[in-house]
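One structure is given below, encoded as structure tokens.
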Amino acid sequence: MSNVNTYRAGPDERGHFGPYGGRYVAETLMPLILEVEAAYKAAKADPAFQAEMDYYLAHYVGRPSPLYYAQRLTEHLGGAKVYFKRDELNHTGAHKINNCLGQVMLARRMGKKRIIAETGAGQHGVATATVAALFGMKCQVYMGATDIERQKPNVFRMRLLGAEVIPVTSGAGTLKDSMNDALRAWVAQVEDTFYCIGTVAGPHPYPAMVRDFQSVIGEEVREQMMAAEGRLPDTLVACIGGGSNAMGLFYPFLDDASVAMTAVEAAGHGIESGQHAASLAGGRLGVLHGNATYLLQDADGQIQEAHSISAGLDYPGIGPEHSWLHDMKRVTYVSATDDEALEAFKLCARLEGILPALEPSHALAQVTRMAPGLPKDHLLVMNMCGRGDKDVFTVAAALGMDI
């Protein structure tokens with residue numbers, strides 16, 4: 001497997017990246033999954049679909065997002081030249097809308113009337129509700145009760161946009177549980193409903209489809225870095241829960257051997273504590289939400305609850321393509337704790353005037369470790385995949401501050 005000619009050829013026709021991925025769903029869902037696969041294949045080949053998507057990406061989402069040289073952070077760290085890909089400046093404040101736009105446009109093309117989605121931090125839910133409103137479609141968002149409590153601003157935004165937010169009280173009331181309920185709801189509403197999955201996980205074709213819609217991030221970085229520096233970046237860094245922002249940044253560079261890539265899982269209170277969301281560092285192969293991948297499990301194979309201060313990374317699994325890239329050693333996977341993410345959050349606010357979401361704060365923690373040891377002409381790009389407005393209550397509580 002180490003002699004592959006390209007890292008960009010997957011998945012195979014059955015949705016596998018090596019031993020990962022696939023399509024492990026109830027029999028009642030198979031016709032829907034096959035319908036989505038056929039519709040996406042046709043849309044990809046239709047220039048009119050891409051032209052319409054390009055129009056909305058430019059005029060509604062606000063792409064291309066800037067590639068920003070973080071000069072003060074670079075000077076503070078004293079090593080590599082640090083750039084931020086500023087996907088937090090997209091409409092709705094995160095990278096999630098790139099994928100939601102593509103999937104909701106596909107649903108409309110398929111004649112569906114209702115969109116359902118799961119959400120953790122609420123960014124995917126807000127983006128789904130936004131695009132559903134844009135195209136006049138009904139929208140239901142399943143969200144864990146724990147996440148509803150810690151992401152109140154996004155819950156209110158979804159309701160303002162006309163979406164129905166359905167609380168999920170099973171399990172720990174987090175992202176895993178909301179995805180469970182959304183899949184059950186899809187089975188019960190098969191005729192008119194499209195399930196908009198927010199990350200590079202789930203049954204085939206979702207991992208590849210979400211990756212393709214998010215690849216606009218890396219494609220823009222390639223052009224912008226050539227314009228700014230006249231060459232490709234040396235290192236890419238992104239946080240990873242399911243892994244959609246990382247996959248979107250990495251995928252266009254997977255076959256560029258000179259470009260190193262590092263993805264950062266959420267180590268929560270520390271890997272050794274058992275309270276984390278680092279599926280690669282602390283998990284093993286299993287099946288969840290329609291795909292085979294690295295999962296946090298107990299000795300009996302039961303899925304364990306994940307923990308992260310970041311609701312968007314609080315998931316006990318990872319996208320199957322990441323599992324394969326981990327095994328192939330094409331991408332380096334590390335982790336950062338809640339405390340390290342909080343320190344990076346504060347540093348970015350004070351040096352750059354940017355409040356990062358707690359998700360990319362994990363990636364920023366890794367940047368603060370790496371950059372000082374790299375030469376000054378080393379080009380490092382971190383994906384600032386979400387803005388931190390939604391997290392100010394969580395950060396204040398963690399810092400013992402009253403607002």
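FYI, nothing fancy with the structure tokens labels: chains A, B, ... in order, residues from 1 per chain, ligands from 1 as they appear.
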Write down as a PyMOL selection string the residues belonging to segment 15-227 of chain A that are assigned strand (DSSP E or B) by DSSP computed on the backbone. chain A and resi 16-17+20-21+67-69+81-85+94+114-119+138-144+164-168+193-195
Do you know which residues are at most 8 Å from segment 372-388 of chain A counting only C-alpha atoms, after dropping those on the same chain fewer than 6 positions away, and could you put them as a ChimeraX atom specification? /A:77-89,93-95,233-239,245-246,249,355-360,363-364
Go ahead and save the picked residues with N, CA and C atoms, as a CSV table (one decimal), in the first residue's frame.
chain,number,residue,atom,x,y,z
A,77,LEU,N,6.2,33.9,17.6
A,77,LEU,CA,6.6,32.5,17.6
A,77,LEU,C,8.1,32.4,17.2
A,78,GLY,N,8.5,33.3,16.3
A,78,GLY,CA,9.9,33.3,15.9
A,78,GLY,C,10.4,32.2,15.0
A,79,GLY,N,9.6,31.7,14.2
A,79,GLY,CA,10.0,30.6,13.3
A,79,GLY,C,9.3,30.7,12.0
A,80,ALA,N,8.5,29.7,11.6
A,80,ALA,CA,7.9,29.6,10.3
A,80,ALA,C,7.0,30.8,10.1
A,81,LYS,N,6.8,31.1,8.8
A,81,LYS,CA,5.9,32.2,8.4
A,81,LYS,C,4.4,31.6,8.4
A,82,VAL,N,3.6,32.2,9.3
A,82,VAL,CA,2.3,31.6,9.6
A,82,VAL,C,1.2,32.3,8.8
A,83,TYR,N,0.4,31.6,8.0
A,83,TYR,CA,-0.7,32.1,7.3
A,83,TYR,C,-2.0,31.5,7.9
A,84,PHE,N,-3.1,32.2,7.9
A,84,PHE,CA,-4.4,31.7,8.2
A,84,PHE,C,-5.2,31.7,6.9
A,85,LYS,N,-5.8,30.5,6.6
A,85,LYS,CA,-6.9,30.5,5.6
A,85,LYS,C,-8.2,30.8,6.3
A,86,ARG,N,-8.8,32.0,6.0
A,86,ARG,CA,-9.8,32.6,6.8
A,86,ARG,C,-11.2,32.1,6.4
A,87,ASP,N,-11.5,30.8,6.6
A,87,ASP,CA,-12.8,30.4,6.3
A,87,ASP,C,-13.9,30.8,7.4
A,88,GLU,N,-13.4,31.4,8.5
A,88,GLU,CA,-14.4,31.9,9.4
A,88,GLU,C,-15.0,33.2,8.9
A,89,LEU,N,-14.5,33.7,7.8
A,89,LEU,CA,-15.1,34.9,7.3
A,89,LEU,C,-16.2,34.6,6.3
A,93,GLY,N,-20.0,32.1,9.2
A,93,GLY,CA,-18.9,32.1,10.2
A,93,GLY,C,-18.1,30.8,10.3
A,94,ALA,N,-18.2,29.9,9.3
A,94,ALA,CA,-17.4,28.7,9.3
A,94,ALA,C,-17.3,28.1,7.9
A,95,HIS,N,-16.5,27.1,7.8
A,95,HIS,CA,-16.3,26.4,6.5
A,95,HIS,C,-17.6,25.6,6.1
A,233,PRO,N,2.8,25.9,-0.2
A,233,PRO,CA,3.2,25.9,1.2
A,233,PRO,C,4.0,24.7,1.6
A,234,ASP,N,4.7,24.8,2.7
A,234,ASP,CA,5.5,23.7,3.2
A,234,ASP,C,4.7,22.8,4.1
A,235,THR,N,3.8,23.4,4.9
A,235,THR,CA,3.1,22.6,5.9
A,235,THR,C,1.6,23.2,6.0
A,236,LEU,N,0.7,22.2,6.1
A,236,LEU,CA,-0.7,22.6,6.3
A,236,LEU,C,-1.1,22.0,7.7
A,237,VAL,N,-1.9,22.8,8.4
A,237,VAL,CA,-2.4,22.3,9.7
A,237,VAL,C,-3.9,22.6,9.8
A,238,ALA,N,-4.6,21.6,10.4
A,238,ALA,CA,-6.1,21.8,10.6
A,238,ALA,C,-6.5,20.9,11.8
A,239,CYS,N,-7.6,21.4,12.4
A,239,CYS,CA,-8.1,20.6,13.5
A,239,CYS,C,-9.0,19.5,12.9
A,245,ASN,N,-13.0,20.0,7.5
A,245,ASN,CA,-12.2,21.2,7.2
A,245,ASN,C,-10.8,20.8,6.8
A,246,ALA,N,-10.2,19.8,7.5
A,246,ALA,CA,-8.9,19.2,7.3
A,246,ALA,C,-8.9,18.6,5.9
A,249,LEU,N,-8.9,21.1,3.1
A,249,LEU,CA,-7.6,21.8,2.9
A,249,LEU,C,-6.5,20.8,2.4
A,355,LEU,N,-10.9,36.2,17.1
A,355,LEU,CA,-11.4,35.2,18.1
A,355,LEU,C,-11.6,34.0,17.3
A,356,PRO,N,-10.7,33.0,17.4
A,356,PRO,CA,-11.0,31.7,16.7
A,356,PRO,C,-12.0,30.9,17.4
A,357,ALA,N,-12.7,30.1,16.7
A,357,ALA,CA,-13.6,29.1,17.3
A,357,ALA,C,-12.7,28.1,18.1
A,358,LEU,N,-13.3,27.4,19.1
A,358,LEU,CA,-12.5,26.5,19.9
A,358,LEU,C,-12.0,25.3,19.0
A,359,GLU,N,-12.7,25.0,17.9
A,359,GLU,CA,-12.2,23.9,17.0
A,359,GLU,C,-10.8,24.3,16.4
A,360,PRO,N,-10.7,25.4,15.6
A,360,PRO,CA,-9.4,25.7,15.1
A,360,PRO,C,-8.4,26.2,16.2
A,363,ALA,N,-6.0,23.5,16.4
A,363,ALA,CA,-4.9,23.5,15.3
A,363,ALA,C,-3.9,24.6,15.7
A,364,LEU,N,-4.4,25.7,16.2
A,364,LEU,CA,-3.5,26.8,16.5
A,364,LEU,C,-2.5,26.4,17.6
Could you pull the residues within 7 Å of segment 251-258 of chain A, counting only C-alpha atoms, minus those fewer than 4 positions along the same chain, as a ChimeraX atom specification? /A:6-8,215,218-219,234,247
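Among the candidate residues A:Asp192, A:Ala267, A:Gly122, A:Leu101, the one lying nearest to Lys138 of chain A is A:Asp192, with distances computed using only C-alpha atoms.
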Quick one: distance from atom CA of Arg159 of chain A to atom CA of Ala129 of chain A in Å, one decimal? 8.4 Å
Please run DSSP on the backbone and report, as a ChimeraX atom specification, all residues within segment 42-114 of chain A that come out as helix (DSSP H, G or I). /A:42-44,47-61,71-77,87-89,96-109
Using the selection just defined, write its residues with N, CA and C atoms as a compact mmCIF listing (two decimals), in the first residue's frame.
# COMPACT_ATOMS: atom_id res chain seq x y z
N ALA A 42 -24.20 12.39 -11.32
CA ALA A 42 -24.73 13.16 -12.46
C ALA A 42 -24.44 14.65 -12.29
N ALA A 43 -24.59 15.16 -11.06
CA ALA A 43 -24.34 16.59 -10.82
C ALA A 43 -22.88 16.95 -11.08
N LYS A 44 -21.96 16.07 -10.67
CA LYS A 44 -20.53 16.34 -10.87
C LYS A 44 -20.20 16.47 -12.36
N PRO A 47 -21.95 20.65 -16.09
CA PRO A 47 -21.33 21.98 -15.92
C PRO A 47 -22.29 23.01 -15.34
N ALA A 48 -23.60 22.85 -15.57
CA ALA A 48 -24.57 23.82 -15.05
C ALA A 48 -24.62 23.77 -13.52
N PHE A 49 -24.47 22.56 -12.94
CA PHE A 49 -24.48 22.44 -11.48
C PHE A 49 -23.28 23.17 -10.89
N GLN A 50 -22.08 22.96 -11.47
CA GLN A 50 -20.89 23.61 -10.94
C GLN A 50 -20.95 25.12 -11.15
N ALA A 51 -21.52 25.55 -12.29
CA ALA A 51 -21.62 26.99 -12.55
C ALA A 51 -22.53 27.66 -11.53
N GLU A 52 -23.64 27.01 -11.20
CA GLU A 52 -24.55 27.57 -10.20
C GLU A 52 -23.87 27.60 -8.82
N MET A 53 -23.12 26.54 -8.52
CA MET A 53 -22.43 26.49 -7.24
C MET A 53 -21.37 27.59 -7.17
N ASP A 54 -20.64 27.77 -8.26
CA ASP A 54 -19.62 28.83 -8.29
C ASP A 54 -20.25 30.20 -8.05
N TYR A 55 -21.44 30.41 -8.61
CA TYR A 55 -22.13 31.70 -8.44
C TYR A 55 -22.44 31.93 -6.96
N TYR A 56 -23.05 30.94 -6.31
CA TYR A 56 -23.42 31.13 -4.91
C TYR A 56 -22.20 31.19 -3.99
N LEU A 57 -21.14 30.42 -4.31
CA LEU A 57 -19.92 30.50 -3.50
C LEU A 57 -19.34 31.92 -3.54
N ALA A 58 -19.38 32.53 -4.72
CA ALA A 58 -18.79 33.87 -4.85
C ALA A 58 -19.70 34.96 -4.28
N HIS A 59 -20.98 34.89 -4.58
CA HIS A 59 -21.88 36.02 -4.29
C HIS A 59 -22.72 35.85 -3.04
N TYR A 60 -22.78 34.62 -2.49
CA TYR A 60 -23.57 34.40 -1.27
C TYR A 60 -22.67 34.03 -0.10
N VAL A 61 -21.75 33.09 -0.35
CA VAL A 61 -20.84 32.65 0.72
C VAL A 61 -19.73 33.68 0.93
N GLN A 71 1.30 38.21 10.80
CA GLN A 71 2.65 38.74 11.04
C GLN A 71 3.00 38.79 12.53
N ARG A 72 2.08 39.28 13.35
CA ARG A 72 2.40 39.42 14.78
C ARG A 72 2.57 38.05 15.44
N LEU A 73 1.73 37.08 15.06
CA LEU A 73 1.88 35.73 15.60
C LEU A 73 3.20 35.12 15.12
N THR A 74 3.53 35.36 13.85
CA THR A 74 4.79 34.86 13.31
C THR A 74 5.97 35.42 14.10
N GLU A 75 5.96 36.73 14.34
CA GLU A 75 7.06 37.37 15.07
C GLU A 75 7.12 36.85 16.51
N HIS A 76 5.95 36.63 17.10
CA HIS A 76 5.90 36.12 18.48
C HIS A 76 6.49 34.71 18.57
N LEU A 77 6.17 33.87 17.60
CA LEU A 77 6.64 32.48 17.65
C LEU A 77 8.09 32.36 17.19
N ASP A 87 -11.49 30.85 6.61
CA ASP A 87 -12.85 30.37 6.31
C ASP A 87 -13.86 30.77 7.37
N GLU A 88 -13.38 31.38 8.46
CA GLU A 88 -14.35 31.89 9.44
C GLU A 88 -15.03 33.15 8.93
N LEU A 89 -14.50 33.73 7.83
CA LEU A 89 -15.13 34.92 7.26
C LEU A 89 -16.24 34.59 6.27
N LYS A 96 -18.44 25.31 7.09
CA LYS A 96 -19.53 24.34 6.90
C LYS A 96 -20.42 24.70 5.71
N ILE A 97 -20.57 25.98 5.40
CA ILE A 97 -21.52 26.36 4.36
C ILE A 97 -21.06 25.89 2.97
N ASN A 98 -19.76 25.67 2.76
CA ASN A 98 -19.30 25.17 1.46
C ASN A 98 -20.00 23.86 1.11
N ASN A 99 -20.04 22.97 2.08
CA ASN A 99 -20.65 21.66 1.89
C ASN A 99 -22.17 21.73 1.89
N CYS A 100 -22.74 22.54 2.77
CA CYS A 100 -24.21 22.63 2.85
C CYS A 100 -24.78 23.17 1.55
N LEU A 101 -24.09 24.15 0.97
CA LEU A 101 -24.57 24.69 -0.30
C LEU A 101 -24.63 23.57 -1.34
N GLY A 102 -23.58 22.78 -1.45
CA GLY A 102 -23.55 21.70 -2.43
C GLY A 102 -24.63 20.67 -2.19
N GLN A 103 -24.78 20.25 -0.93
CA GLN A 103 -25.76 19.19 -0.65
C GLN A 103 -27.19 19.67 -0.81
N VAL A 104 -27.49 20.88 -0.37
CA VAL A 104 -28.87 21.36 -0.50
C VAL A 104 -29.21 21.63 -1.97
N MET A 105 -28.23 22.10 -2.74
CA MET A 105 -28.47 22.23 -4.18
C MET A 105 -28.75 20.88 -4.81
N LEU A 106 -28.03 19.84 -4.34
CA LEU A 106 -28.26 18.48 -4.85
C LEU A 106 -29.66 18.00 -4.46
N ALA A 107 -30.07 18.27 -3.22
CA ALA A 107 -31.40 17.87 -2.77
C ALA A 107 -32.48 18.52 -3.61
N ARG A 108 -32.29 19.80 -3.91
CA ARG A 108 -33.26 20.52 -4.74
C ARG A 108 -33.33 19.91 -6.13
N ARG A 109 -32.17 19.55 -6.67
CA ARG A 109 -32.11 18.90 -7.99
C ARG A 109 -32.82 17.55 -7.99
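When only C-alpha atoms are used to compute distances to Leu32 of chain A, the closest of the residues A:Leu183, A:Ile303, A:Ile271, A:Val216 turns out to be A:Leu183.
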Which is closest to Lys390 of chain A among A:Asp177, A:Asp46, A:Glu149, A:Glu265, if we use only C-alpha atoms?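 Result for the nearest residue to Lys390 of chain A: A:Glu149.
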So which residues touch Pro153 of chain A within 10 Å, counting only C-alpha atoms, skipping near sequence neighbours fewer than 4 positions away, as JSON, numbers by chain? {"A": [122, 148, 149, 157, 158, 389, 390, 391, 392, 393]}
Within 6 Å of Tyr333 of chain A, counting only C-alpha atoms, which residues show up once you throw out same-chain ones fewer than 3 positions away? Write them as JSON, numbers by chain, please. {"A": [262, 263, 264]}
For Met137 of chain A, list every protein, DNA or RNA residue within 8 Å, evaluated using only C-alpha atoms, and leave out those in the same chain fewer than 6 positions away; present the list as an MDAnalysis selection string. chainID A and resid 113:115
Kindly export the residues of the current selection with N, CA, C and O atoms, as a PDB file, in the first residue's frame.
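Output saved as result.pdb:
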ATOM      1  N   LYS A 113     -38.060  17.992  -0.625  1.00  0.00           N
ATOM      2  CA  LYS A 113     -38.712  19.172  -0.048  1.00  0.00           C
ATOM      3  C   LYS A 113     -38.213  19.501   1.355  1.00  0.00           C
ATOM      4  O   LYS A 113     -38.427  20.605   1.852  1.00  0.00           O
ATOM      5  N   ARG A 114     -37.606  18.526   2.029  1.00  0.00           N
ATOM      6  CA  ARG A 114     -37.216  18.707   3.425  1.00  0.00           C
ATOM      7  C   ARG A 114     -35.737  18.326   3.597  1.00  0.00           C
ATOM      8  O   ARG A 114     -35.282  17.324   3.035  1.00  0.00           O
ATOM      9  N   ILE A 115     -35.014  19.133   4.393  1.00  0.00           N
ATOM     10  CA  ILE A 115     -33.618  18.850   4.728  1.00  0.00           C
ATOM     11  C   ILE A 115     -33.552  18.510   6.207  1.00  0.00           C
ATOM     12  O   ILE A 115     -34.118  19.229   7.044  1.00  0.00           O
TER      13      ILE A 115
END
Which residues of segment 54-121 of chain A come within 9 Å of segment 309-319 of chain A, and what is each one's closest atom pair and distance in Å (one decimal), counting only C-alpha atoms, sorted by chain and residue number, as a tab-separated table?
residue	atom	partner	partner_atom	distance
A:Thr119	CA	A:Gly312	CA	8.0
A:Gly120	CA	A:Gly312	CA	5.1
A:Ala121	CA	A:Gly312	CA	4.5
Show which residues sit within 9 Å of segment 196-207 of chain A, as a PyMOL selection string. Count only C-alpha atoms, and ignore same-chain residues fewer than 5 positions away. chain A and resi 11+14-16+21-25+33-34+36-37+40+96+99-100+103-104+107+115-119+124-125+128+179+212+241-245+247+288-293+317-322
Please dump the current selection as a tab-separated table (two decimals), in the first residue's frame; keep C-alpha atoms.
chain	number	residue	atom	x	y	z
A	11	PRO	CA	-12.75	5.71	-2.59
A	14	ARG	CA	-18.02	0.52	-2.95
A	15	GLY	CA	-16.87	3.52	-0.98
A	16	HIS	CA	-13.78	2.06	0.68
A	21	GLY	CA	-15.51	3.56	4.74
A	22	GLY	CA	-18.17	1.47	3.01
A	23	ARG	CA	-21.92	1.55	3.41
A	24	TYR	CA	-23.21	-0.06	6.63
A	25	VAL	CA	-26.85	1.05	6.78
A	33	ILE	CA	-28.18	6.08	-0.45
A	34	LEU	CA	-28.01	4.74	-3.99
A	36	VAL	CA	-27.94	10.15	-3.58
A	37	GLU	CA	-24.90	8.47	-5.14
A	40	TYR	CA	-24.20	13.28	-7.10
A	96	LYS	CA	-19.53	24.34	6.90
A	99	ASN	CA	-20.65	21.66	1.89
A	100	CYS	CA	-24.21	22.63	2.85
A	103	GLN	CA	-25.76	19.19	-0.65
A	104	VAL	CA	-28.87	21.36	-0.50
A	107	ALA	CA	-31.40	17.87	-2.77
A	115	ILE	CA	-33.62	18.85	4.73
A	116	ILE	CA	-32.58	17.16	7.94
A	117	ALA	CA	-29.18	17.51	9.57
A	118	GLU	CA	-27.27	16.79	12.76
A	119	THR	CA	-25.09	19.36	14.45
A	124	HIS	CA	-23.31	22.89	10.43
A	125	GLY	CA	-26.87	23.37	11.67
A	128	THR	CA	-27.87	24.02	6.69
A	179	MET	CA	-26.42	11.78	14.29
A	212	ASP	CA	-15.25	17.31	-2.79
A	241	GLY	CA	-13.26	15.94	14.65
A	242	GLY	CA	-14.95	14.14	11.77
A	243	GLY	CA	-12.44	15.98	9.64
A	244	SER	CA	-14.21	17.99	6.91
A	245	ASN	CA	-12.17	21.20	7.16
A	247	MET	CA	-9.94	17.09	4.30
A	288	LEU	CA	-20.60	3.65	13.39
A	289	HIS	CA	-23.00	5.86	11.44
A	290	GLY	CA	-22.71	3.83	8.26
A	291	ASN	CA	-18.92	3.59	7.88
A	292	ALA	CA	-15.97	1.61	9.18
A	293	THR	CA	-13.30	3.77	10.77
A	317	GLY	CA	-15.01	8.73	15.38
A	318	ILE	CA	-13.21	10.19	12.40
A	319	GLY	CA	-13.81	10.25	8.65
A	320	PRO	CA	-12.68	7.02	6.95
A	321	GLU	CA	-10.32	8.75	4.51
A	322	HIS	CA	-8.43	10.18	7.48
